[in-house]
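The structure file protein_33.cif is reproduced below (mmCIF, C-alpha atoms and all ligand atoms).
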data_start
loop_
_atom_site.group_PDB
_atom_site.id
_atom_site.type_symbol
_atom_site.label_atom_id
_atom_site.label_comp_id
_atom_site.auth_asym_id
_atom_site.auth_seq_id
_atom_site.Cartn_x
_atom_site.Cartn_y
_atom_site.Cartn_z
ATOM 1 C CA MET K 899 -7.977 15.691 -7.002
ATOM 2 C CA ALA K 900 -7.920 11.931 -6.559
ATOM 3 C CA LYS K 901 -4.799 10.383 -5.109
ATOM 4 C CA PHE K 902 -3.634 7.204 -6.784
ATOM 5 C CA ILE K 903 -1.546 5.215 -4.343
ATOM 6 C CA SER K 904 -0.128 1.732 -4.443
ATOM 7 C CA PHE K 905 1.524 -0.395 -1.793
ATOM 8 C CA CYS K 906 3.767 -2.621 -3.826
ATOM 9 C CA SER K 907 6.695 -5.022 -3.859
ATOM 10 C CA GLN K 908 8.257 -7.333 -6.360
ATOM 11 C CA LYS K 909 8.172 -10.172 -3.874
ATOM 12 C CA GLY K 910 5.065 -12.015 -2.711
ATOM 13 C CA GLY K 911 4.023 -12.292 0.915
ATOM 14 C CA VAL K 912 5.440 -8.944 2.055
ATOM 15 C CA GLY K 913 2.014 -7.618 3.002
ATOM 16 C CA LYS K 914 0.707 -5.673 0.005
ATOM 17 C CA THR K 915 -2.823 -6.968 0.258
ATOM 18 C CA SER K 916 -2.943 -6.763 4.061
ATOM 19 C CA ILE K 917 -1.685 -3.184 4.255
ATOM 20 C CA THR K 918 -3.815 -2.023 1.310
ATOM 21 C CA THR K 919 -6.911 -3.501 2.956
ATOM 22 C CA HIS K 920 -6.189 -1.980 6.372
ATOM 23 C CA VAL K 921 -5.400 1.439 4.915
ATOM 24 C CA ALA K 922 -8.440 1.467 2.610
ATOM 25 C CA THR K 923 -10.838 0.489 5.393
ATOM 26 C CA TYR K 924 -9.372 2.925 7.917
ATOM 27 C CA TYR K 925 -9.529 5.877 5.531
ATOM 28 C CA TYR K 926 -13.058 5.008 4.507
ATOM 29 C CA GLN K 927 -14.586 4.203 7.874
ATOM 30 C CA VAL K 928 -12.606 6.354 10.314
ATOM 31 C CA GLU K 929 -11.302 9.272 8.266
ATOM 32 C CA ARG K 930 -14.489 9.226 6.165
ATOM 33 C CA ILE K 931 -12.671 9.756 2.898
ATOM 34 C CA PRO K 932 -14.168 8.278 -0.285
ATOM 35 C CA VAL K 933 -12.105 5.231 -1.226
ATOM 36 C CA THR K 934 -12.006 2.973 -4.267
ATOM 37 C CA VAL K 935 -9.782 -0.081 -4.502
ATOM 38 C CA PHE K 936 -8.602 -1.662 -7.732
ATOM 39 C CA ASP K 937 -7.351 -5.180 -7.206
ATOM 40 C CA CYS K 938 -5.096 -5.758 -10.193
ATOM 41 C CA ASP K 939 -3.187 -8.646 -8.659
ATOM 42 C CA PHE K 940 -4.279 -11.196 -11.214
ATOM 43 C CA PRO K 941 -5.025 -14.105 -10.884
ATOM 44 C CA GLN K 942 -5.115 -14.248 -7.052
ATOM 45 C CA HIS K 943 -7.295 -11.157 -6.562
ATOM 46 C CA SER K 944 -6.890 -11.823 -2.857
ATOM 47 C CA LEU K 945 -8.172 -8.415 -1.788
ATOM 48 C CA GLN K 946 -11.429 -9.039 -3.573
ATOM 49 C CA SER K 947 -11.555 -12.529 -2.027
ATOM 50 C CA ILE K 948 -11.452 -10.968 1.442
ATOM 51 C CA ARG K 949 -14.523 -8.907 0.522
ATOM 52 C CA THR K 950 -16.260 -11.937 -1.024
ATOM 53 C CA SER K 951 -15.852 -13.977 2.136
ATOM 54 C CA GLU K 952 -16.994 -11.069 4.287
ATOM 55 C CA ILE K 953 -20.145 -10.700 2.165
ATOM 56 C CA ALA K 954 -20.767 -14.443 2.507
ATOM 57 C CA ARG K 955 -20.455 -14.103 6.273
ATOM 58 C CA LEU K 956 -22.916 -11.205 6.313
ATOM 59 C CA LYS K 957 -25.441 -13.565 4.771
ATOM 60 C CA SER K 958 -24.918 -16.352 7.288
ATOM 61 C CA ASP K 959 -24.052 -14.567 10.554
ATOM 62 C CA GLU K 960 -26.659 -12.201 11.907
ATOM 63 C CA THR K 961 -24.481 -10.679 14.633
ATOM 64 C CA TYR K 962 -21.873 -9.879 12.026
ATOM 65 C CA LEU K 963 -24.544 -8.347 9.805
ATOM 66 C CA ARG K 964 -25.778 -6.128 12.648
ATOM 67 C CA LYS K 965 -22.250 -5.009 13.384
ATOM 68 C CA ALA K 966 -21.839 -4.118 9.714
ATOM 69 C CA GLU K 967 -25.106 -2.197 9.639
ATOM 70 C CA LYS K 968 -23.813 -0.031 12.492
ATOM 71 C CA LEU K 969 -21.042 1.203 10.216
ATOM 72 C CA GLY K 970 -23.687 3.335 8.575
ATOM 73 C CA GLN K 971 -22.352 3.298 5.042
ATOM 74 C CA ILE K 972 -22.104 0.775 2.280
ATOM 75 C CA PRO K 973 -18.586 -0.605 1.852
ATOM 76 C CA TYR K 974 -16.164 1.041 -0.555
ATOM 77 C CA PRO K 975 -16.055 -0.507 -4.021
ATOM 78 C CA ILE K 976 -13.385 -3.051 -4.953
ATOM 79 C CA TYR K 977 -12.875 -3.722 -8.646
ATOM 80 C CA ALA K 978 -10.827 -6.723 -9.633
ATOM 81 C CA ASP K 979 -9.448 -6.677 -13.151
ATOM 82 C CA SER K 980 -6.250 -6.736 -15.172
ATOM 83 C CA LEU K 981 -4.003 -3.696 -15.295
ATOM 84 C CA SER K 982 -4.861 -3.051 -18.944
ATOM 85 C CA ASN K 983 -8.578 -3.064 -18.247
ATOM 86 C CA THR K 984 -8.193 -0.947 -15.122
ATOM 87 C CA LEU K 985 -6.102 1.843 -16.649
ATOM 88 C CA PRO K 986 -8.847 3.490 -18.718
ATOM 89 C CA LYS K 987 -11.168 3.405 -15.695
ATOM 90 C CA LEU K 988 -8.835 5.645 -13.696
ATOM 91 C CA ASP K 989 -9.609 8.717 -15.824
ATOM 92 C CA ALA K 990 -13.051 8.949 -14.277
ATOM 93 C CA TYR K 991 -11.468 9.563 -10.844
ATOM 94 C CA ALA K 992 -9.052 12.301 -11.820
ATOM 95 C CA ASN K 993 -11.243 15.173 -10.610
ATOM 96 C CA LYS K 994 -12.795 13.416 -7.642
ATOM 97 C CA ASN K 995 -11.711 13.939 -4.073
ATOM 98 C CA GLU K 996 -11.039 10.268 -3.612
ATOM 99 C CA LEU K 997 -8.325 7.935 -2.420
ATOM 100 C CA VAL K 998 -7.742 5.309 -5.081
ATOM 101 C CA LEU K 999 -5.680 2.371 -3.855
ATOM 102 C CA ILE K 1000 -4.299 -0.086 -6.365
ATOM 103 C CA ASP K 1001 -3.097 -3.576 -5.433
ATOM 104 C CA LEU K 1002 -0.550 -4.296 -8.162
ATOM 105 C CA PRO K 1003 0.836 -7.628 -9.353
ATOM 106 C CA GLY K 1004 4.103 -8.666 -7.699
ATOM 107 C CA THR K 1005 6.155 -8.092 -10.832
ATOM 108 C CA LEU K 1006 6.847 -5.096 -13.012
ATOM 109 C CA ASN K 1007 6.899 -7.297 -16.123
ATOM 110 C CA VAL K 1008 3.182 -7.095 -16.754
ATOM 111 C CA GLU K 1009 1.402 -5.426 -19.633
ATOM 112 C CA GLY K 1010 0.155 -2.025 -18.567
ATOM 113 C CA MET K 1011 2.556 -1.681 -15.615
ATOM 114 C CA PRO K 1012 4.590 1.278 -16.963
ATOM 115 C CA ALA K 1013 1.416 3.214 -17.740
ATOM 116 C CA MET K 1014 0.013 2.362 -14.318
ATOM 117 C CA ILE K 1015 3.130 3.431 -12.453
ATOM 118 C CA GLN K 1016 3.159 6.737 -14.316
ATOM 119 C CA ARG K 1017 -0.354 7.405 -13.049
ATOM 120 C CA LEU K 1018 0.599 6.981 -9.390
ATOM 121 C CA ASP K 1019 0.846 9.930 -7.013
ATOM 122 C CA ALA K 1020 2.892 7.769 -4.674
ATOM 123 C CA ALA K 1021 4.202 4.243 -4.451
ATOM 124 C CA VAL K 1022 4.858 2.680 -1.069
ATOM 125 C CA LEU K 1023 7.322 -0.184 -1.350
ATOM 126 C CA LEU K 1024 7.008 -2.726 1.416
ATOM 127 C CA LEU K 1025 10.080 -4.396 2.737
ATOM 128 C CA GLU K 1026 11.099 -6.876 5.369
ATOM 129 C CA ALA K 1027 14.410 -7.013 7.192
ATOM 130 C CA ASP K 1028 15.725 -10.026 5.352
ATOM 131 C CA PRO K 1029 18.470 -9.713 2.748
ATOM 132 C CA LEU K 1030 16.311 -10.989 -0.119
ATOM 133 C CA SER K 1031 13.470 -8.593 0.556
ATOM 134 C CA PHE K 1032 15.899 -5.738 1.010
ATOM 135 C CA GLU K 1033 17.754 -6.436 -2.222
ATOM 136 C CA SER K 1034 14.560 -6.927 -4.171
ATOM 137 C CA THR K 1035 13.290 -3.573 -2.869
ATOM 138 C CA MET K 1036 16.450 -1.788 -3.983
ATOM 139 C CA HIS K 1037 15.938 -3.318 -7.440
ATOM 140 C CA THR K 1038 12.358 -2.093 -7.430
ATOM 141 C CA VAL K 1039 13.535 1.419 -6.539
ATOM 142 C CA LEU K 1040 15.872 1.332 -9.520
ATOM 143 C CA ALA K 1041 13.078 0.086 -11.753
ATOM 144 C CA MET K 1042 10.773 2.811 -10.414
ATOM 145 C CA ALA K 1043 13.426 5.435 -11.155
ATOM 146 C CA LYS K 1044 13.029 4.691 -14.857
ATOM 147 C CA PHE K 1045 9.460 5.945 -14.781
ATOM 148 C CA SER K 1046 8.471 9.541 -14.474
ATOM 149 C CA ASN K 1047 5.208 11.257 -13.700
ATOM 150 C CA LYS K 1048 3.531 14.146 -15.494
ATOM 151 C CA THR K 1049 5.996 16.656 -14.083
ATOM 152 C CA GLY K 1050 8.981 14.672 -15.368
ATOM 153 C CA GLY K 1051 10.239 13.570 -11.938
ATOM 154 C CA MET K 1052 10.328 10.142 -10.355
ATOM 155 C CA ILE K 1053 7.068 8.974 -8.806
ATOM 156 C CA PRO K 1054 7.358 9.822 -5.078
ATOM 157 C CA THR K 1055 8.397 6.502 -3.597
ATOM 158 C CA TYR K 1056 8.265 5.550 0.081
ATOM 159 C CA LEU K 1057 9.806 2.588 1.817
ATOM 160 C CA LEU K 1058 7.798 0.962 4.582
ATOM 161 C CA TRP K 1059 9.013 -1.784 6.885
ATOM 162 C CA ASN K 1060 6.369 -4.424 7.407
ATOM 163 C CA LYS K 1061 6.498 -7.354 9.835
ATOM 164 C CA PHE K 1062 8.798 -5.290 12.025
ATOM 165 C CA ASP K 1063 10.230 -7.492 14.728
ATOM 166 C CA SER K 1064 10.549 -5.351 17.839
ATOM 167 C CA ARG K 1065 12.655 -8.050 19.547
ATOM 168 C CA GLU K 1066 15.357 -7.550 16.943
ATOM 169 C CA ARG K 1067 18.056 -5.134 17.915
ATOM 170 C CA LYS K 1068 16.736 -1.786 16.708
ATOM 171 C CA ASP K 1069 20.065 -1.227 14.987
ATOM 172 C CA ARG K 1070 19.330 -3.883 12.443
ATOM 173 C CA TYR K 1071 16.582 -1.801 10.908
ATOM 174 C CA SER K 1072 18.339 1.507 11.360
ATOM 175 C CA SER K 1073 21.578 0.262 9.842
ATOM 176 C CA LEU K 1074 19.723 -1.237 6.889
ATOM 177 C CA GLU K 1075 18.006 2.124 6.452
ATOM 178 C CA LEU K 1076 21.309 3.962 6.552
ATOM 179 C CA ALA K 1077 22.800 1.522 4.057
ATOM 180 C CA ALA K 1078 19.830 2.060 1.753
ATOM 181 C CA ILE K 1079 20.052 5.853 2.031
ATOM 182 C CA ASP K 1080 23.802 5.763 1.335
ATOM 183 C CA TYR K 1081 23.231 3.533 -1.664
ATOM 184 C CA LEU K 1082 20.427 5.705 -3.031
ATOM 185 C CA ASN K 1083 22.471 8.858 -2.498
ATOM 186 C CA SER K 1084 25.368 7.309 -4.397
ATOM 187 C CA LEU K 1085 23.030 6.595 -7.293
ATOM 188 C CA ASN K 1086 21.956 10.222 -7.296
ATOM 189 C CA VAL K 1087 25.426 11.428 -8.246
ATOM 190 C CA GLY K 1088 25.291 12.555 -11.860
ATOM 191 C CA ARG K 1089 21.619 11.792 -12.324
ATOM 192 C CA SER K 1090 19.675 14.515 -14.114
ATOM 193 C CA THR K 1091 16.435 13.524 -12.349
ATOM 194 C CA PRO K 1092 17.133 12.886 -8.682
ATOM 195 C CA LEU K 1093 15.672 9.818 -7.014
ATOM 196 C CA ASN K 1094 12.584 10.564 -5.016
ATOM 197 C CA VAL K 1095 12.686 8.002 -2.228
ATOM 198 C CA GLN K 1096 12.160 8.237 1.514
ATOM 199 C CA PHE K 1097 11.613 5.866 4.442
ATOM 200 C CA ILE K 1098 8.349 6.021 6.315
ATOM 201 C CA GLU K 1099 9.315 6.337 9.981
ATOM 202 C CA TYR K 1100 6.614 4.084 11.336
ATOM 203 C CA ARG K 1101 7.326 0.378 11.078
ATOM 204 C CA VAL K 1102 4.343 -1.944 10.857
ATOM 205 C CA PRO K 1103 4.919 -4.577 13.535
ATOM 206 C CA GLU K 1104 4.746 -8.301 12.976
ATOM 207 C CA THR K 1105 1.568 -9.059 14.884
ATOM 208 C CA VAL K 1106 -1.376 -11.404 14.589
ATOM 209 C CA ALA K 1107 -3.580 -8.323 14.971
ATOM 210 C CA ILE K 1108 -2.681 -7.405 11.388
ATOM 211 C CA LYS K 1109 -4.036 -10.760 10.235
ATOM 212 C CA ASP K 1110 -6.938 -11.015 12.629
ATOM 213 C CA THR K 1111 -8.364 -7.547 12.072
ATOM 214 C CA ARG K 1112 -7.800 -7.381 8.312
ATOM 215 C CA SER K 1113 -11.173 -6.432 6.909
ATOM 216 C CA THR K 1114 -12.660 -4.545 3.990
ATOM 217 C CA LEU K 1115 -15.595 -3.596 6.244
ATOM 218 C CA PHE K 1116 -14.329 -2.934 9.774
ATOM 219 C CA PRO K 1117 -11.461 -0.551 10.507
ATOM 220 C CA SER K 1118 -8.671 -1.524 12.878
ATOM 221 C CA SER K 1119 -6.722 0.887 15.060
ATOM 222 C CA VAL K 1120 -3.671 -1.342 14.636
ATOM 223 C CA ILE K 1121 -2.847 0.700 11.527
ATOM 224 C CA LYS K 1122 -3.518 4.161 13.021
ATOM 225 C CA PRO K 1123 0.101 5.365 13.400
ATOM 226 C CA LEU K 1124 0.698 4.529 9.757
ATOM 227 C CA ILE K 1125 -2.373 6.510 8.713
ATOM 228 C CA GLN K 1126 -1.172 9.527 10.698
ATOM 229 C CA GLU K 1127 2.116 9.490 8.842
ATOM 230 C CA LEU K 1128 0.487 8.824 5.474
ATOM 231 C CA ASN K 1129 -1.768 11.847 6.040
ATOM 232 C CA LYS K 1130 1.283 14.068 6.224
ATOM 233 C CA ILE K 1131 2.847 12.406 3.204
ATOM 234 C CA PHE K 1132 -0.249 12.575 1.034
ATOM 235 C CA ALA K 1133 -0.738 16.212 1.982
ATOM 236 C CA SER K 1134 2.733 17.165 0.764
ATOM 237 C CA ASN K 1135 3.484 14.292 -1.578
ATOM 238 C CA THR K 1136 7.167 15.000 -1.857
ATOM 239 C CA ALA K 1137 9.712 12.357 -1.108
ATOM 240 C CA THR K 1138 13.425 12.973 -1.108
ATOM 241 C CA VAL K 1139 16.342 10.680 -0.468
HETATM 242 N N1 LIG W 1 2.522 -6.937 9.847
HETATM 243 C C1 LIG W 1 2.168 -8.221 9.751
HETATM 244 N N2 LIG W 1 2.157 -9.016 10.851
HETATM 245 C C2 LIG W 1 1.823 -10.313 10.772
HETATM 246 N N3 LIG W 1 1.463 -10.924 9.622
HETATM 247 C C3 LIG W 1 1.445 -10.197 8.486
HETATM 248 C C4 LIG W 1 1.784 -8.807 8.487
HETATM 249 N N4 LIG W 1 1.661 -8.335 7.228
HETATM 250 C C5 LIG W 1 1.261 -9.386 6.466
HETATM 251 N N5 LIG W 1 1.144 -10.501 7.219
HETATM 252 C C6 LIG W 1 0.791 -11.857 6.772
HETATM 253 O O1 LIG W 1 1.711 -12.236 5.744
HETATM 254 C C7 LIG W 1 1.050 -12.997 4.743
HETATM 255 C C8 LIG W 1 1.219 -12.327 3.392
HETATM 256 O O2 LIG W 1 0.568 -11.080 3.413
HETATM 257 P P1 LIG W 1 -0.161 -10.489 2.117
HETATM 258 O O3 LIG W 1 -0.773 -9.215 2.544
HETATM 259 O O4 LIG W 1 -1.051 -11.517 1.509
HETATM 260 O O5 LIG W 1 1.113 -10.255 1.192
HETATM 261 P P2 LIG W 1 1.209 -9.932 -0.377
HETATM 262 O O6 LIG W 1 -0.083 -9.337 -0.809
HETATM 263 O O7 LIG W 1 2.365 -8.999 -0.467
HETATM 264 O O8 LIG W 1 1.486 -11.244 -1.044
HETATM 265 C C9 LIG W 1 -0.423 -13.091 5.164
HETATM 266 O O9 LIG W 1 -0.606 -14.310 5.840
HETATM 267 C C10 LIG W 1 -0.581 -11.921 6.127
HETATM 268 O O10 LIG W 1 -1.580 -12.163 7.080
HETATM 269 MG MG MG W 2 -1.436 -9.955 -2.307
#
Is it possible to express this structure as structure tokens?
Amino acid sequence: MAKFISFCSQKGGVGKTSITTHVATYYYQVERIPVTVFDCDFPQHSLQSIRTSEIARLKSDETYLRKAEKLGQIPYPIYADSLSNTLPKLDAYANKNELVLIDLPGTLNVEGMPAMIQRLDAAVLLLEADPLSFESTMHTVLAMAKFSNKTGGMIPTYLLWNKFDSRERKDRYSSLELAAIDYLNSLNVGRSTPLNVQFIEYRVPETVAIKDTRSTLFPSSVIKPLIQELNKIFASNTATV
């Protein structure tokens, strides 16, 4: 069965494209899992632009080309299109053993978004430790709670800190997490369908390595701890508050 996963946020610049790219490339090149990426973040299509510039470099830089040849497999496909055009294409993946990553637009108010969210096996909401990002993520959780998957429950939703600042007092993140869990638990009271939300333990650090090694061709170990945790999550695919 294919897994349809999206790293998303309703705020730009949180790291959707960067994390999606790292995760896609690591799964494909290191874990050797078939991967397809749909870049539905119209009109930027920045994930596809990364690939386009890498292909251009392959043509002009022979050392780079040789390094790419050593990877031993052609790169995973990236399709850039609108949500509405992408949706019907997903059916073809349903019975494949494939990881399908979808870079979504930064707003839920887009045609095709409800149908797309309902297709997801998991959504990973990225957040940063600033009040705006935090609040916007809580709003996104509430918006996500309105959608349900084929079994009638909320799409398993995970919260992932990106740009984690290790110099910050650790408490800042932990207390924000506790506040979020309290808040989400309070929302659960009296709900017929419980929220299905959980923090990912690993926090992606703020580091230039994330920028410098972001590639649709070459994997980077900078993302390895996240992959290890995602493996467990994707295997069980159950989130709980
Ligand atoms: N963990 C990180 N550490 C350092 N820079 C990051 C990190 N994650 C993302 N960035 C940078 O933040 C900017 C926005 O990231 P991007 O992935 O384009 O966000 P989005 O797709 O959500 O708009 C980019 O310049 C990217 O390199
Ligand atoms: Mg983006």
Nearest to K:Ile931, chosen from K:Thr1055, K:Ser904, K:Asn995, K:Thr918, with all atoms listed in the file counted in the distances: K:Asn995
Surrounding residues of stretch 1110-1114 of chain K excluding itself and chain neighbours under 2 positions, 6 Å, all atoms listed in the file, as a ChimeraX atom specification: /K:919-920,923,949,1106-1108,1116
Edge lengths and centre in Å to one decimal, as JSON, of the axis-aligned box that encloses all listed atoms of stretch 1090-1093 of chain K with 3 Å added on every side?
{"center_x": 17.7, "center_y": 12.2, "center_z": -10.6, "size_x": 10.0, "size_y": 10.7, "size_z": 13.1}
Protein and nucleic acid residues within 8 Å of ligand LIG 1 (chain W) (all atoms listed in the file) as a list in words: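 Protein and nucleic-acid residues within 8 Å of ligand LIG 1 (chain W): Cys906, Ser907, Lys909, Gly910, Gly911, Val912, Gly913, Lys914, Thr915, Ser916, Ile917, Thr918, Ser944, Asp1001, Gly1004, Asn1060, Lys1061, Phe1062, Val1102, Pro1103, Glu1104, Thr1105, Val1106, Ala1107, Ile1108, Lys1109, Asp1110 and Arg1112 of chain K.
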Evaluate the PyMOL selection byres (((chain K and resi 1099) around 8) and not hetatm) and report residues as an MDAnalysis selection string: chainID K and resid 1058 1097:1098 1100:1101 1127
Minimum-distance residue to K:Ile948, chosen among K:Leu1074, K:Ile976, K:Leu1124, K:Leu999 (using only C-alpha atoms): K:Ile976
Non-local contacts of K:Leu1128 (12 Å; all atoms listed in the file; under 2 positions in same chain excluded) as a VMD selection string: chain K and resid 901 903 905 921 to 922 924 to 925 997 1020 to 1022 1056 to 1058 1097 to 1100 1121 to 1126 1130 to 1137
Residues within 12 Å of K:Thr1049, all atoms listed in the file, excluding chain neighbours under 3 positions, as number ranges by chain: K: 1016-1017, 1019, 1045-1046, 1052-1054, 1091
Atomic distance atom CA of K:Phe902 - atom CA of K:Leu1025, expressed in Å with one decimal: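 Rounded to one decimal, the two atoms are 20.3 Å apart.
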Ground truth for the PyMOL selection byres (((chain K and resi 989) around 12) and not hetatm), written as a list in words: Met899, Ala900, Lys901, Phe902, Thr984, Leu985, Pro986, Lys987, Leu988, Ala990, Tyr991, Ala992, Asn993, Lys994, Val998, Met1014 and Arg1017 of chain K
Selection under test: the PyMOL selection byres (((chain K and resi 936) around 7) and not hetatm); residues as a PyMOL selection string: chain K and resi 934-935+937-938+976-978+999-1001
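Residue nearest K:Leu945 within the list K:Leu963, K:Ile1015, K:Ala1041, K:Leu1002: K:Leu1002 [criterion: smallest interatomic distance, all atoms listed in the file].
The space between atom CA of K:Pro932 and atom CA of K:Tyr974 spans 7.5 Å.
For K:Met1011, the list of residues within 9 Å, based on only C-alpha atoms and with local chain neighbours fewer than 6 positions off taken out, reads Leu981, Ser982, Leu1002, Pro1003 and Thr1005 of chain K.
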Counting only C-alpha atoms and all ligand atoms, the residue of K:Ser947, K:Gln927, K:Ser1073, K:Asn1129 that sits nearest ligand MG 2 (chain W):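 Among the listed residues, K:Ser947 lies closest to ligand MG 2 (chain W).
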Straight-line distance linking atom CA of K:Gly1088 with atom CA of K:Gly1050, stated in Å to one decimal: 16.8 Å
Of the listed residues K:Gln1096, K:Asp1063, K:Glu1009, K:Ser1031, that which approaches K:Leu1076 most closely, counting all atoms listed in the file: K:Gln1096
Can you sort out stretch 960-979 of chain K so it carries N, CA, C and O atoms, written as a PDB file, keeping the file's coordinate frame?
ATOM      1  N   GLU K 960     -25.834 -13.392  11.662  1.00  0.00           N
ATOM      2  CA  GLU K 960     -26.659 -12.201  11.907  1.00  0.00           C
ATOM      3  C   GLU K 960     -25.969 -11.155  12.794  1.00  0.00           C
ATOM      4  O   GLU K 960     -26.141  -9.950  12.592  1.00  0.00           O
ATOM      5  N   THR K 961     -25.195 -11.618  13.754  1.00  0.00           N
ATOM      6  CA  THR K 961     -24.481 -10.679  14.633  1.00  0.00           C
ATOM      7  C   THR K 961     -23.498  -9.851  13.809  1.00  0.00           C
ATOM      8  O   THR K 961     -23.368  -8.635  13.987  1.00  0.00           O
ATOM      9  N   TYR K 962     -22.841 -10.534  12.914  1.00  0.00           N
ATOM     10  CA  TYR K 962     -21.873  -9.879  12.026  1.00  0.00           C
ATOM     11  C   TYR K 962     -22.592  -8.853  11.148  1.00  0.00           C
ATOM     12  O   TYR K 962     -22.129  -7.727  10.961  1.00  0.00           O
ATOM     13  N   LEU K 963     -23.749  -9.250  10.650  1.00  0.00           N
ATOM     14  CA  LEU K 963     -24.544  -8.347   9.805  1.00  0.00           C
ATOM     15  C   LEU K 963     -24.934  -7.093  10.584  1.00  0.00           C
ATOM     16  O   LEU K 963     -24.810  -5.973  10.080  1.00  0.00           O
ATOM     17  N   ARG K 964     -25.372  -7.291  11.838  1.00  0.00           N
ATOM     18  CA  ARG K 964     -25.778  -6.128  12.648  1.00  0.00           C
ATOM     19  C   ARG K 964     -24.610  -5.189  12.897  1.00  0.00           C
ATOM     20  O   ARG K 964     -24.739  -3.976  12.854  1.00  0.00           O
ATOM     21  N   LYS K 965     -23.470  -5.808  13.158  1.00  0.00           N
ATOM     22  CA  LYS K 965     -22.250  -5.009  13.384  1.00  0.00           C
ATOM     23  C   LYS K 965     -21.941  -4.186  12.118  1.00  0.00           C
ATOM     24  O   LYS K 965     -21.600  -3.005  12.195  1.00  0.00           O
ATOM     25  N   ALA K 966     -22.125  -4.807  10.983  1.00  0.00           N
ATOM     26  CA  ALA K 966     -21.839  -4.118   9.714  1.00  0.00           C
ATOM     27  C   ALA K 966     -22.836  -2.993   9.474  1.00  0.00           C
ATOM     28  O   ALA K 966     -22.464  -1.919   8.983  1.00  0.00           O
ATOM     29  N   GLU K 967     -24.078  -3.231   9.849  1.00  0.00           N
ATOM     30  CA  GLU K 967     -25.106  -2.197   9.639  1.00  0.00           C
ATOM     31  C   GLU K 967     -24.783  -0.947  10.453  1.00  0.00           C
ATOM     32  O   GLU K 967     -25.057   0.170  10.038  1.00  0.00           O
ATOM     33  N   LYS K 968     -24.163  -1.169  11.622  1.00  0.00           N
ATOM     34  CA  LYS K 968     -23.813  -0.031  12.492  1.00  0.00           C
ATOM     35  C   LYS K 968     -22.767   0.882  11.852  1.00  0.00           C
ATOM     36  O   LYS K 968     -22.591   2.022  12.269  1.00  0.00           O
ATOM     37  N   LEU K 969     -22.064   0.375  10.870  1.00  0.00           N
ATOM     38  CA  LEU K 969     -21.042   1.203  10.216  1.00  0.00           C
ATOM     39  C   LEU K 969     -21.680   2.388   9.497  1.00  0.00           C
ATOM     40  O   LEU K 969     -21.040   3.405   9.262  1.00  0.00           O
ATOM     41  N   GLY K 970     -22.919   2.209   9.111  1.00  0.00           N
ATOM     42  CA  GLY K 970     -23.687   3.335   8.575  1.00  0.00           C
ATOM     43  C   GLY K 970     -23.396   3.721   7.138  1.00  0.00           C
ATOM     44  O   GLY K 970     -23.933   4.702   6.648  1.00  0.00           O
ATOM     45  N   GLN K 971     -22.526   3.028   6.469  1.00  0.00           N
ATOM     46  CA  GLN K 971     -22.352   3.298   5.042  1.00  0.00           C
ATOM     47  C   GLN K 971     -22.029   2.000   4.311  1.00  0.00           C
ATOM     48  O   GLN K 971     -21.462   1.088   4.892  1.00  0.00           O
ATOM     49  N   ILE K 972     -22.425   1.977   3.048  1.00  0.00           N
ATOM     50  CA  ILE K 972     -22.104   0.775   2.280  1.00  0.00           C
ATOM     51  C   ILE K 972     -20.597   0.701   2.076  1.00  0.00           C
ATOM     52  O   ILE K 972     -19.919   1.730   2.070  1.00  0.00           O
ATOM     53  N   PRO K 973     -20.045  -0.497   1.964  1.00  0.00           N
ATOM     54  CA  PRO K 973     -18.586  -0.605   1.852  1.00  0.00           C
ATOM     55  C   PRO K 973     -18.054   0.060   0.582  1.00  0.00           C
ATOM     56  O   PRO K 973     -18.781   0.217  -0.400  1.00  0.00           O
ATOM     57  N   TYR K 974     -16.789   0.450   0.640  1.00  0.00           N
ATOM     58  CA  TYR K 974     -16.164   1.041  -0.555  1.00  0.00           C
ATOM     59  C   TYR K 974     -16.085  -0.008  -1.667  1.00  0.00           C
ATOM     60  O   TYR K 974     -16.016  -1.211  -1.395  1.00  0.00           O
ATOM     61  N   PRO K 975     -16.111   0.460  -2.924  1.00  0.00           N
ATOM     62  CA  PRO K 975     -16.055  -0.507  -4.021  1.00  0.00           C
ATOM     63  C   PRO K 975     -14.658  -1.108  -4.215  1.00  0.00           C
ATOM     64  O   PRO K 975     -13.652  -0.435  -3.988  1.00  0.00           O
ATOM     65  N   ILE K 976     -14.644  -2.367  -4.593  1.00  0.00           N
ATOM     66  CA  ILE K 976     -13.385  -3.051  -4.953  1.00  0.00           C
ATOM     67  C   ILE K 976     -13.593  -3.615  -6.355  1.00  0.00           C
ATOM     68  O   ILE K 976     -14.532  -4.389  -6.581  1.00  0.00           O
ATOM     69  N   TYR K 977     -12.763  -3.198  -7.281  1.00  0.00           N
ATOM     70  CA  TYR K 977     -12.875  -3.722  -8.646  1.00  0.00           C
ATOM     71  C   TYR K 977     -11.667  -4.596  -8.936  1.00  0.00           C
ATOM     72  O   TYR K 977     -10.521  -4.150  -8.793  1.00  0.00           O
ATOM     73  N   ALA K 978     -11.934  -5.817  -9.317  1.00  0.00           N
ATOM     74  CA  ALA K 978     -10.827  -6.723  -9.633  1.00  0.00           C
ATOM     75  C   ALA K 978     -10.751  -6.906 -11.142  1.00  0.00           C
ATOM     76  O   ALA K 978     -11.724  -7.306 -11.786  1.00  0.00           O
ATOM     77  N   ASP K 979      -9.616  -6.535 -11.699  1.00  0.00           N
ATOM     78  CA  ASP K 979      -9.448  -6.677 -13.151  1.00  0.00           C
ATOM     79  C   ASP K 979      -7.957  -6.600 -13.482  1.00  0.00           C
ATOM     80  O   ASP K 979      -7.134  -6.318 -12.614  1.00  0.00           O
TER      81      ASP K 979
END
